[in-house]
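S.K.: Contents of target_16.txt (compact mmCIF, C-alpha atoms) are given next:
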# COMPACT_ATOMS: atom_id res chain seq x y z
CA MET A 1 37.77 8.73 32.16
CA SER A 2 38.62 5.83 29.92
CA ALA A 3 35.85 3.71 31.43
CA GLU A 4 33.39 6.53 30.88
CA THR A 5 34.35 6.82 27.22
CA THR A 6 33.89 3.08 26.75
CA ALA A 7 30.50 3.26 28.43
CA VAL A 8 29.42 6.11 26.15
CA HIS A 9 30.71 4.23 23.15
CA ALA A 10 28.91 1.05 24.20
CA HIS A 11 25.73 3.02 24.73
CA GLY A 12 26.16 4.62 21.32
CA ALA A 13 26.55 1.23 19.67
CA GLU A 14 23.49 -0.12 21.45
CA HIS A 15 21.52 2.95 20.44
CA GLU A 16 22.49 2.48 16.82
CA ASP A 17 21.47 -1.15 16.92
CA HIS A 18 18.12 -0.19 18.46
CA GLU A 19 17.43 2.43 15.80
CA GLY A 20 17.93 -0.27 13.24
CA MET A 21 17.18 1.57 10.00
CA THR A 22 20.11 3.19 8.25
CA LYS A 23 19.72 4.61 4.75
CA GLY A 24 21.43 1.59 3.24
CA ARG A 25 19.08 -0.77 5.02
CA ILE A 26 16.02 1.19 3.91
CA TRP A 27 17.01 0.84 0.25
CA LYS A 28 17.82 -2.83 0.76
CA VAL A 29 14.29 -3.45 2.06
CA PHE A 30 12.88 -1.43 -0.83
CA PHE A 31 14.68 -3.62 -3.37
CA VAL A 32 13.48 -6.75 -1.58
CA LEU A 33 9.87 -5.51 -1.85
CA LEU A 34 10.37 -4.55 -5.48
CA ALA A 35 11.91 -7.95 -6.26
CA ILE A 36 9.01 -9.83 -4.64
CA THR A 37 6.50 -7.75 -6.64
CA CYS A 38 8.45 -8.48 -9.84
CA VAL A 39 8.37 -12.21 -9.07
CA GLU A 40 4.57 -11.97 -8.64
CA PHE A 41 4.34 -10.22 -12.01
CA ILE A 42 6.47 -12.83 -13.74
CA ILE A 43 4.26 -15.58 -12.32
CA ALA A 44 1.01 -13.80 -13.23
CA LEU A 45 1.99 -12.60 -16.71
CA TYR A 46 4.36 -15.26 -17.96
CA LEU A 47 4.60 -18.50 -15.97
CA ALA A 48 0.90 -19.05 -15.22
CA PRO A 49 -0.48 -18.51 -18.76
CA HIS A 50 2.41 -20.20 -20.62
CA TYR A 51 2.69 -23.35 -18.54
CA HIS A 52 -1.04 -23.58 -17.62
CA ILE A 53 -0.35 -23.92 -13.91
CA PRO A 54 -3.63 -24.47 -12.03
CA SER A 55 -4.74 -21.63 -9.75
CA HIS A 56 -4.78 -23.79 -6.61
CA TRP A 57 -0.99 -24.04 -7.01
CA ILE A 58 -0.43 -20.40 -7.93
CA ASN A 59 -2.63 -18.78 -5.27
CA PRO A 60 -0.75 -20.19 -2.25
CA ILE A 61 2.48 -18.87 -3.83
CA TYR A 62 0.92 -15.39 -4.14
CA ILE A 63 -0.23 -15.53 -0.51
CA VAL A 64 3.20 -16.62 0.77
CA LEU A 65 4.87 -13.81 -1.22
CA THR A 66 2.30 -11.31 0.11
CA LEU A 67 2.96 -12.38 3.71
CA LEU A 68 6.68 -12.05 3.05
CA LYS A 69 6.13 -8.47 1.85
CA ALA A 70 3.97 -7.82 4.93
CA PHE A 71 6.80 -9.10 7.14
CA TYR A 72 9.28 -6.70 5.56
CA ILE A 73 6.93 -3.70 5.76
CA VAL A 74 5.88 -4.32 9.38
CA GLY A 75 9.28 -5.51 10.58
CA TYR A 76 11.56 -2.95 8.96
CA PHE A 77 9.52 0.04 7.72
CA MET A 78 7.23 0.02 10.75
CA HIS A 79 10.20 -0.89 12.89
CA LEU A 80 8.41 -3.62 14.84
CA LYS A 81 11.42 -5.94 14.61
CA PHE A 82 13.40 -3.50 16.76
CA GLU A 83 10.71 -2.82 19.37
CA LYS A 84 10.42 -4.64 22.70
CA VAL A 85 9.19 -8.23 22.44
CA GLY A 86 6.14 -7.38 24.56
CA LEU A 87 4.92 -4.75 22.09
CA ALA A 88 5.56 -7.01 19.10
CA LEU A 89 3.55 -9.81 20.72
CA ALA A 90 0.73 -7.41 21.67
CA ILE A 91 0.40 -6.51 17.98
CA ILE A 92 0.99 -9.91 16.37
CA VAL A 93 -0.88 -12.31 18.65
CA PRO A 94 -4.35 -10.75 18.05
CA ILE A 95 -3.82 -11.52 14.33
CA LEU A 96 -4.69 -15.11 15.31
CA PHE A 97 -8.33 -13.95 15.46
CA ILE A 98 -8.08 -12.94 11.79
CA ILE A 99 -6.72 -16.38 10.90
CA GLY A 100 -9.65 -17.86 12.83
CA LEU A 101 -12.13 -15.79 10.79
CA ILE A 102 -10.42 -16.88 7.56
CA LEU A 103 -10.77 -20.54 8.51
CA VAL A 104 -14.42 -20.14 9.56
CA LEU A 105 -15.46 -18.26 6.42
CA THR A 106 -13.61 -20.48 3.95
CA ASN A 107 -15.40 -23.42 5.50
CA GLU A 108 -18.70 -21.55 5.30
CA SER A 109 -18.19 -20.53 1.68
CA HIS A 110 -17.68 -24.17 0.66
CA TYR A 111 -21.06 -24.85 2.23
CA TRP A 112 -22.63 -21.91 0.33
CA ILE A 113 -21.36 -23.12 -3.01
CA ASP A 114 -22.78 -26.59 -2.31
CA LEU A 115 -26.14 -24.95 -1.63
CA ARG A 116 -26.01 -22.98 -4.88
CA LEU A 117 -24.94 -25.75 -7.24
CA MET B 1 23.98 -6.64 54.76
CA SER B 2 21.39 -3.97 54.13
CA THR B 3 23.20 -2.84 50.98
CA ALA B 4 23.15 -6.42 49.69
CA VAL B 5 19.39 -6.66 50.28
CA THR B 6 18.77 -3.36 48.50
CA GLN B 7 20.87 -4.54 45.62
CA GLN B 8 18.88 -7.74 45.42
CA ILE B 9 15.58 -5.84 45.33
CA ASP B 10 16.97 -3.59 42.62
CA GLU B 11 17.98 -6.64 40.64
CA VAL B 12 14.49 -8.14 40.89
CA LYS B 13 13.00 -4.86 39.68
CA SER B 14 15.19 -4.69 36.59
CA THR B 15 13.09 -7.00 34.38
CA PRO B 16 10.70 -5.28 31.95
CA TRP B 17 7.49 -6.48 33.61
CA SER B 18 8.42 -5.96 37.27
CA GLY B 19 7.03 -2.44 37.39
CA GLY B 20 8.46 1.03 37.70
CA ARG B 21 8.76 1.59 33.96
CA SER B 22 6.90 0.88 30.74
CA PRO B 23 7.48 -2.71 29.61
CA PHE B 24 6.88 -1.70 26.00
CA ASP B 25 9.38 1.16 26.24
CA VAL B 26 7.49 3.21 23.68
CA GLU B 27 5.84 6.60 23.91
CA TYR B 28 2.10 6.63 24.67
CA GLY B 29 0.95 8.13 21.37
CA LYS B 30 3.05 5.72 19.34
CA MET B 31 1.66 2.72 21.24
CA MET B 32 -1.89 3.98 20.68
CA MET B 33 -1.13 4.37 16.97
CA TRP B 34 -0.10 0.71 16.94
CA PHE B 35 -3.32 -0.34 18.64
CA PHE B 36 -5.38 1.82 16.29
CA LEU B 37 -3.66 0.16 13.34
CA LEU B 38 -4.40 -3.24 14.86
CA SER B 39 -8.10 -2.35 15.00
CA ASP B 40 -7.88 -1.05 11.44
CA ALA B 41 -6.26 -4.32 10.42
CA PHE B 42 -9.35 -6.09 11.78
CA THR B 43 -11.64 -3.84 9.74
CA PHE B 44 -9.73 -4.44 6.51
CA SER B 45 -9.48 -8.16 7.25
CA SER B 46 -13.25 -8.38 7.69
CA LEU B 47 -13.74 -6.69 4.33
CA LEU B 48 -11.16 -8.84 2.54
CA ILE B 49 -12.34 -12.06 4.18
CA SER B 50 -15.97 -11.39 3.21
CA TYR B 51 -14.69 -10.76 -0.32
CA GLY B 52 -12.92 -14.12 -0.16
CA ALA B 53 -15.98 -15.89 1.21
CA LEU B 54 -18.26 -14.51 -1.51
CA ARG B 55 -15.73 -15.30 -4.20
CA PHE B 56 -15.17 -18.86 -2.99
CA SER B 57 -18.91 -19.45 -2.84
CA ALA B 58 -19.48 -18.14 -6.37
CA PRO B 59 -19.50 -20.66 -9.23
CA THR B 60 -17.62 -18.16 -11.42
CA TRP B 61 -15.92 -14.77 -11.10
CA PRO B 62 -14.82 -12.00 -13.49
CA ALA B 63 -11.23 -12.80 -14.50
CA PRO B 64 -8.83 -10.12 -13.17
CA SER B 65 -6.64 -10.40 -16.28
CA LEU B 66 -9.70 -9.50 -18.41
CA VAL B 67 -11.22 -6.81 -16.18
CA PHE B 68 -7.99 -4.96 -15.40
CA GLN B 69 -6.23 -4.94 -18.75
CA SER B 70 -6.12 -1.28 -19.65
CA PHE B 71 -3.72 1.52 -18.89
CA PRO B 72 -6.11 4.53 -18.79
CA GLY B 73 -5.31 7.04 -21.49
CA LEU B 74 -2.66 4.91 -23.20
CA ILE B 75 -3.59 1.27 -23.77
CA GLU B 76 -7.19 0.10 -23.99
CA HIS B 77 -6.67 -3.68 -24.10
CA GLY B 78 -4.08 -6.36 -23.53
CA ALA B 79 -2.02 -4.83 -20.71
CA PRO B 80 -3.11 -6.71 -17.60
CA LEU B 81 -1.53 -5.65 -14.30
CA VAL B 82 0.56 -2.88 -15.86
CA PHE B 83 -1.41 0.05 -14.42
CA VAL B 84 -1.87 -1.52 -11.00
CA GLY B 85 1.83 -2.39 -11.04
CA LEU B 86 2.58 1.29 -11.45
CA MET B 87 0.24 2.09 -8.54
CA THR B 88 1.98 -0.51 -6.36
CA PHE B 89 5.38 0.92 -7.28
CA ILE B 90 4.23 4.47 -6.42
CA LEU B 91 2.95 3.38 -3.01
CA ILE B 92 6.05 1.35 -2.11
CA MET B 93 8.17 4.28 -3.27
CA SER B 94 6.24 6.70 -1.03
CA SER B 95 6.70 4.27 1.86
CA VAL B 96 10.46 4.50 1.27
CA THR B 97 10.42 8.32 1.28
CA MET B 98 8.38 8.17 4.51
CA VAL B 99 10.88 5.92 6.24
CA LEU B 100 13.69 8.19 4.99
CA ALA B 101 11.85 11.14 6.59
CA VAL B 102 11.73 9.20 9.87
CA GLU B 103 15.45 8.44 9.54
CA ALA B 104 16.20 12.13 8.92
CA GLY B 105 14.08 12.94 11.99
CA HIS B 106 16.33 10.74 14.12
CA ARG B 107 19.22 12.94 13.01
CA ASN B 108 17.15 16.10 13.75
CA SER B 109 17.69 17.28 10.19
CA LYS B 110 14.68 19.50 9.59
CA LYS B 111 15.43 20.24 5.95
CA GLU B 112 15.71 16.57 4.97
CA VAL B 113 12.51 15.67 6.87
CA VAL B 114 10.62 18.34 4.93
CA TRP B 115 11.86 17.15 1.54
CA TRP B 116 11.14 13.49 2.20
CA MET B 117 7.70 14.36 3.59
CA ILE B 118 6.92 16.37 0.46
CA GLY B 119 8.02 13.36 -1.60
CA THR B 120 5.66 11.16 0.40
CA ILE B 121 2.75 13.56 -0.12
CA ILE B 122 3.41 13.67 -3.88
CA GLY B 123 3.50 9.86 -3.95
CA GLY B 124 0.17 9.73 -2.11
CA LEU B 125 -1.43 12.20 -4.50
CA MET B 126 -0.11 10.27 -7.52
CA PHE B 127 -1.58 7.07 -6.13
CA LEU B 128 -4.95 8.77 -5.56
CA SER B 129 -4.95 10.13 -9.13
CA CYS B 130 -4.21 6.66 -10.49
CA GLN B 131 -7.05 5.25 -8.43
CA ALA B 132 -9.40 7.93 -9.74
CA LEU B 133 -8.47 6.90 -13.31
CA GLU B 134 -8.97 3.22 -12.46
CA TRP B 135 -12.38 3.89 -10.94
CA ASN B 136 -13.36 6.07 -13.86
CA HIS B 137 -12.36 3.33 -16.30
CA LEU B 138 -14.41 0.65 -14.51
CA HIS B 139 -17.31 3.06 -14.16
CA SER B 140 -17.26 3.82 -17.88
CA GLU B 141 -17.48 0.08 -18.54
CA GLY B 142 -20.64 -0.01 -16.42
CA PHE B 143 -19.40 -1.22 -13.03
CA TRP B 144 -20.56 0.72 -9.99
CA TRP B 145 -22.23 0.06 -6.64
CA GLY B 146 -25.44 -1.66 -7.70
CA HIS B 147 -24.65 -1.46 -11.42
CA ILE B 148 -23.18 -3.95 -13.87
CA PRO B 149 -22.16 -3.60 -17.53
CA ASN B 150 -24.61 -4.52 -20.27
CA LYS B 151 -24.76 -8.07 -21.58
CA GLU B 152 -22.28 -7.68 -24.47
CA THR B 153 -19.66 -5.82 -22.47
CA MET B 154 -19.92 -8.27 -19.58
CA GLN B 155 -19.11 -11.23 -21.82
CA GLU B 156 -15.59 -9.82 -22.21
CA PHE B 157 -14.80 -10.33 -18.53
CA PHE B 158 -15.55 -14.04 -18.27
CA ALA B 159 -14.22 -17.29 -19.64
CA ILE B 160 -16.25 -18.59 -22.59
CA GLY B 161 -19.42 -20.49 -21.75
CA VAL B 162 -20.37 -18.95 -18.42
CA PRO B 163 -24.19 -18.51 -18.34
CA TYR B 164 -25.52 -14.94 -18.19
CA THR B 165 -27.34 -15.35 -14.85
CA GLN B 166 -24.09 -16.37 -13.16
CA GLN B 167 -22.24 -13.51 -14.86
CA ALA B 168 -24.80 -10.99 -13.62
CA MET B 169 -24.74 -12.30 -10.04
CA THR B 170 -20.97 -12.42 -9.58
CA SER B 171 -20.37 -9.17 -11.49
CA GLN B 172 -22.59 -7.38 -9.02
CA GLN B 173 -20.74 -8.89 -6.07
CA PHE B 174 -17.43 -8.05 -7.70
CA ALA B 175 -18.43 -4.43 -8.37
CA ASN B 176 -19.75 -3.80 -4.85
CA LEU B 177 -16.74 -5.40 -3.16
CA PHE B 178 -14.20 -3.75 -5.46
CA PHE B 179 -15.51 -0.22 -4.98
CA THR B 180 -16.09 -0.68 -1.25
CA ILE B 181 -12.67 -2.14 -0.46
CA THR B 182 -10.52 -0.01 -2.77
CA GLY B 183 -12.67 2.96 -1.74
CA PHE B 184 -12.03 2.31 1.93
CA HIS B 185 -8.33 1.95 1.21
CA GLY B 186 -8.34 5.08 -0.95
CA PHE B 187 -10.01 6.97 1.87
CA HIS B 188 -7.17 5.87 4.14
CA VAL B 189 -4.63 7.11 1.59
CA PHE B 190 -6.53 10.39 1.36
CA SER B 191 -6.56 10.90 5.15
CA GLY B 192 -2.90 9.86 5.22
CA VAL B 193 -2.07 12.61 2.73
CA ILE B 194 -3.98 15.17 4.82
CA ILE B 195 -2.20 14.06 8.02
CA ASN B 196 1.14 14.13 6.20
CA ILE B 197 0.46 17.71 5.08
CA VAL B 198 -0.42 18.75 8.66
CA ILE B 199 2.77 17.16 9.98
CA THR B 200 4.88 18.74 7.22
CA VAL B 201 3.49 22.18 8.07
CA ASN B 202 4.38 21.54 11.72
CA VAL B 203 7.89 20.51 10.72
CA LEU B 204 8.23 23.72 8.67
CA LEU B 205 7.00 25.79 11.63
CA GLY B 206 9.71 24.16 13.74
CA THR B 207 7.29 22.59 16.24
CA TYR B 208 9.23 19.36 16.51
CA GLN B 209 12.59 21.08 16.50
CA LYS B 210 11.48 23.02 19.60
CA ARG B 211 10.18 19.78 21.11
CA GLY B 212 13.54 18.14 20.46
CA SER B 213 12.13 15.03 18.80
CA TYR B 214 10.49 14.12 15.51
CA LEU B 215 8.38 11.37 17.06
CA MET B 216 5.22 12.69 15.38
CA VAL B 217 6.81 11.97 12.00
CA GLU B 218 7.38 8.41 13.19
CA LYS B 219 3.73 8.04 14.23
CA VAL B 220 2.34 9.33 10.96
CA GLY B 221 4.91 7.08 9.28
CA LEU B 222 3.38 4.05 10.99
CA TYR B 223 -0.02 5.01 9.59
CA TRP B 224 1.41 5.53 6.10
CA HIS B 225 3.19 2.16 6.06
CA PHE B 226 0.00 0.51 7.20
CA VAL B 227 -1.79 1.96 4.18
CA ASP B 228 0.96 0.48 2.00
CA LEU B 229 0.59 -2.84 3.83
CA VAL B 230 -3.15 -2.96 3.15
CA TRP B 231 -2.55 -2.22 -0.53
CA VAL B 232 -0.19 -5.21 -0.73
CA PHE B 233 -3.11 -7.42 0.31
CA VAL B 234 -5.70 -5.66 -1.88
CA PHE B 235 -3.32 -6.00 -4.83
CA THR B 236 -2.90 -9.73 -4.26
CA PHE B 237 -6.54 -10.61 -3.70
CA PHE B 238 -8.15 -8.38 -6.35
CA TYR B 239 -5.56 -8.34 -9.11
CA LEU B 240 -3.45 -11.48 -8.83
CA VAL B 241 -5.64 -14.27 -7.41
Could you render the structure as structure tokens?

M.R.:
Amino acid sequence: MSAETTAVHAHGAEHEDHEGMTKGRIWKVFFVLLAITCVEFIIALYLAPHYHIPSHWINPIYIVLTLLKAFYIVGYFMHLKFEKVGLALAIIVPILFIIGLILVLTNESHYWIDLRL
Amino acid sequence: MSTAVTQQIDEVKSTPWSGGRSPFDVEYGKMMMWFFLLSDAFTFSSLLISYGALRFSAPTWPAPSLVFQSFPGLIEHGAPLVFVGLMTFILIMSSVTMVLAVEAGHRNSKKEVVWWMIGTIIGGLMFLSCQALEWNHLHSEGFWWGHIPNKETMQEFFAIGVPYTQQAMTSQQFANLFFTITGFHGFHVFSGVIINIVITVNVLLGTYQKRGSYLMVEKVGLYWHFVDLVWVFVFTFFYLV
């Protein structure tokens, strides 16, 4: 009887861990997303114009912050962080093709601008 | 002896990929939703990457802080990013209500699911209204598929000294890409709202309560979060960069 109770309890705990998103956690992720957006706004509206930071410094910061937001949305809101590793890999690995296309087309666009100028 | 062998075989079969059960441990429809979203991610990436390629290859580009500086109906000039910030907030907020609906579904609390779903639908409709205002504003300035503002208006959107021919070329690219990409995203929001309404009606009818699981709410939630995810990228590449 006692062993059974422990087993049920252990299962319950595991279940809870698998579910992952409690109300508190949801709001925590929301405030993280809001904070990142606010940081982007501060950079765009205050830091960049007042300190004349060149855009090739600012843009990578925006992209890193955007990817961070994407991580929180996909990982927590879409729950991918709590799915089986196989499923997560099946979704994330194909993204490499997108990175490939980005690299190809940035290279190509530098060629286009040389043609135009 | 024979028991030991059986045990050993059982042990071998207990890894996720050794057969007998789904290695992904996720319901069929939910997995297919993930793969659909992956394909959708490719579509949006192609659009955004072609935008990037055209923008990189252009000698100049309309400055976002000059094009998007109005809050329709309230402020005409000098408020860059404020309106789109509101839109971003609305969409993130509706993502939160969606994930709260999913959480309520895990607890089989029909009433809470309904209220959070209604909140999500309202958020989606608010976002769509904001986008309609944004489109209307740009359209009234002269931007549209195949149309650019007249010479005097267009000067306002560029740094001083950019020649008119360059302004005309990149404005056209900007207009086409802006309306196509935000339009495609807006269409996703619109279909998301429709799907959310269908699911909410089903929740009200008690379909999922009878079924014993609110997994459908989870699936539509995946779609809704994806729409939010795409907006995060559109926001960065059209309004910030």

S.K.: Skip Thr106 (chain A) itself and residues of its chain fewer than 3 positions away, then list as a PDB file with C-alpha atoms, in the coordinates of the input all residues within 12 Å of it, counting only C-alpha atoms.

M.R.:
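Output (part-v2.pdb):
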ATOM      1  CA  ILE A  99      -6.720 -16.380  10.900  1.00  0.00           C
ATOM      2  CA  GLY A 100      -9.650 -17.860  12.830  1.00  0.00           C
ATOM      3  CA  LEU A 101     -12.130 -15.790  10.790  1.00  0.00           C
ATOM      4  CA  ILE A 102     -10.420 -16.880   7.560  1.00  0.00           C
ATOM      5  CA  LEU A 103     -10.770 -20.540   8.510  1.00  0.00           C
ATOM      6  CA  SER A 109     -18.190 -20.530   1.680  1.00  0.00           C
ATOM      7  CA  HIS A 110     -17.680 -24.170   0.660  1.00  0.00           C
ATOM      8  CA  TYR A 111     -21.060 -24.850   2.230  1.00  0.00           C
ATOM      9  CA  TRP A 112     -22.630 -21.910   0.330  1.00  0.00           C
ATOM     10  CA  ILE A 113     -21.360 -23.120  -3.010  1.00  0.00           C
TER      11      ILE A 113
ATOM     12  CA  LEU B  48     -11.160  -8.840   2.540  1.00  0.00           C
ATOM     13  CA  ILE B  49     -12.340 -12.060   4.180  1.00  0.00           C
ATOM     14  CA  SER B  50     -15.970 -11.390   3.210  1.00  0.00           C
ATOM     15  CA  TYR B  51     -14.690 -10.760  -0.320  1.00  0.00           C
ATOM     16  CA  GLY B  52     -12.920 -14.120  -0.160  1.00  0.00           C
ATOM     17  CA  ALA B  53     -15.980 -15.890   1.210  1.00  0.00           C
ATOM     18  CA  LEU B  54     -18.260 -14.510  -1.510  1.00  0.00           C
ATOM     19  CA  ARG B  55     -15.730 -15.300  -4.200  1.00  0.00           C
ATOM     20  CA  PHE B  56     -15.170 -18.860  -2.990  1.00  0.00           C
ATOM     21  CA  SER B  57     -18.910 -19.450  -2.840  1.00  0.00           C
TER      22      SER B  57
END

S.K.: Within 9 Å of region 76-93 of chain A, counting all atoms listed in the file, which residues qualify if same-chain residues fewer than 3 places away don't, as a ChimeraX atom specification?

M.R.: /A:17-21,25-26,29,71-73,96-97 /B:16,23-26,31,34-35,38,95-96,98-99,218,221-223,225-226

S.K.: Quick one, how far is CA of Ala104 (chain B) from CA of Trp116 (chain B)?

M.R.: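 Separation between CA of Ala104 (chain B) and CA of Trp116 (chain B): 8.5 Å.
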
S.K.: With only C-alpha atoms counted, which protein, DNA or RNA residues have an atom no more than 8 Å from (-10.2, -6.4, -13.6) in the file frame? Please answer as a PyMOL selection string.

M.R.: chain B and resi 62-69+157+238-239

S.K.: Closest to Gln173 (chain B) among B:Ser140, B:Thr207, B:Thr60, B:Gln131, using only C-alpha atoms?

M.R.: B:Thr60

S.K.: Smallest atom-to-atom distance to Gly206 (chain B): which of B:Ser129, B:Asn176, B:Ser109, B:Asn136, using only C-alpha atoms?

M.R.: B:Ser109

S.K.: Taking all atoms listed in the file into account, which of A:Leu117, A:His50, A:Val74, A:Leu105 comes nearest Asp228 (chain B)?

M.R.: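 Checking each candidate against Asp228 (chain B), we get A:Val74 as the closest.
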
S.K.: Could you write out as lines of an AutoDock Vina configuration file the box around region 209-219 of chain B (axis-aligned, all atoms listed in the file, 5 Å on each side), with centre and edge lengths in Å to one decimal?

M.R.:
center_x = 8.6
center_y = 15.5
center_z = 16.6
size_x = 19.8
size_y = 25.0
size_z = 19.1

S.K.: Between CA of Lys111 (chain B) and CA of Leu205 (chain B), what is the distance in Å, rounded to a tenth?

M.R.: 11.6 Å

S.K.: Using only C-alpha atoms, which residue out of B:Ile90, B:Ile75, B:Leu81, B:Ile118 lies closest to Glu40 (chain A)?

M.R.: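 So, comparing all the options, the nearest one is B:Leu81.
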
S.K.: Restricting the calculation to only C-alpha atoms, which member of B:His139, B:Lys219, B:Ile92, B:Lys110 is positioned closest to Ala35 (chain A)?

M.R.: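 Among B:His139, B:Lys219, B:Ile92, B:Lys110, it is B:Ile92 that comes nearest to Ala35 (chain A).
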
S.K.: Of the candidates A:Leu68, A:Asn59, A:Lys28, A:Leu47, which shows the shortest atom-to-atom distance to chain B, using all atoms listed in the file?

M.R.: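 Using all atoms listed in the file, chain B sits closest to A:Asn59.
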
S.K.: Given the point (7.0, 9.4, -2.1) in the coordinates of this file, which residues lie within 7 Å, counting all atoms listed in the file, and how would they look as a PDB file with C-alpha atoms, in the coordinates of the input?

M.R.:
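What follows is the written file selection34.pdb:
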ATOM      1  CA  MET B  93       8.170   4.280  -3.270  1.00  0.00           C
ATOM      2  CA  SER B  94       6.240   6.700  -1.030  1.00  0.00           C
ATOM      3  CA  SER B  95       6.700   4.270   1.860  1.00  0.00           C
ATOM      4  CA  VAL B  96      10.460   4.500   1.270  1.00  0.00           C
ATOM      5  CA  THR B  97      10.420   8.320   1.280  1.00  0.00           C
ATOM      6  CA  MET B  98       8.380   8.170   4.510  1.00  0.00           C
ATOM      7  CA  GLY B 119       8.020  13.360  -1.600  1.00  0.00           C
ATOM      8  CA  THR B 120       5.660  11.160   0.400  1.00  0.00           C
ATOM      9  CA  ILE B 121       2.750  13.560  -0.120  1.00  0.00           C
ATOM     10  CA  ILE B 122       3.410  13.670  -3.880  1.00  0.00           C
ATOM     11  CA  GLY B 123       3.500   9.860  -3.950  1.00  0.00           C
ATOM     12  CA  GLY B 124       0.170   9.730  -2.110  1.00  0.00           C
TER      13      GLY B 124
END
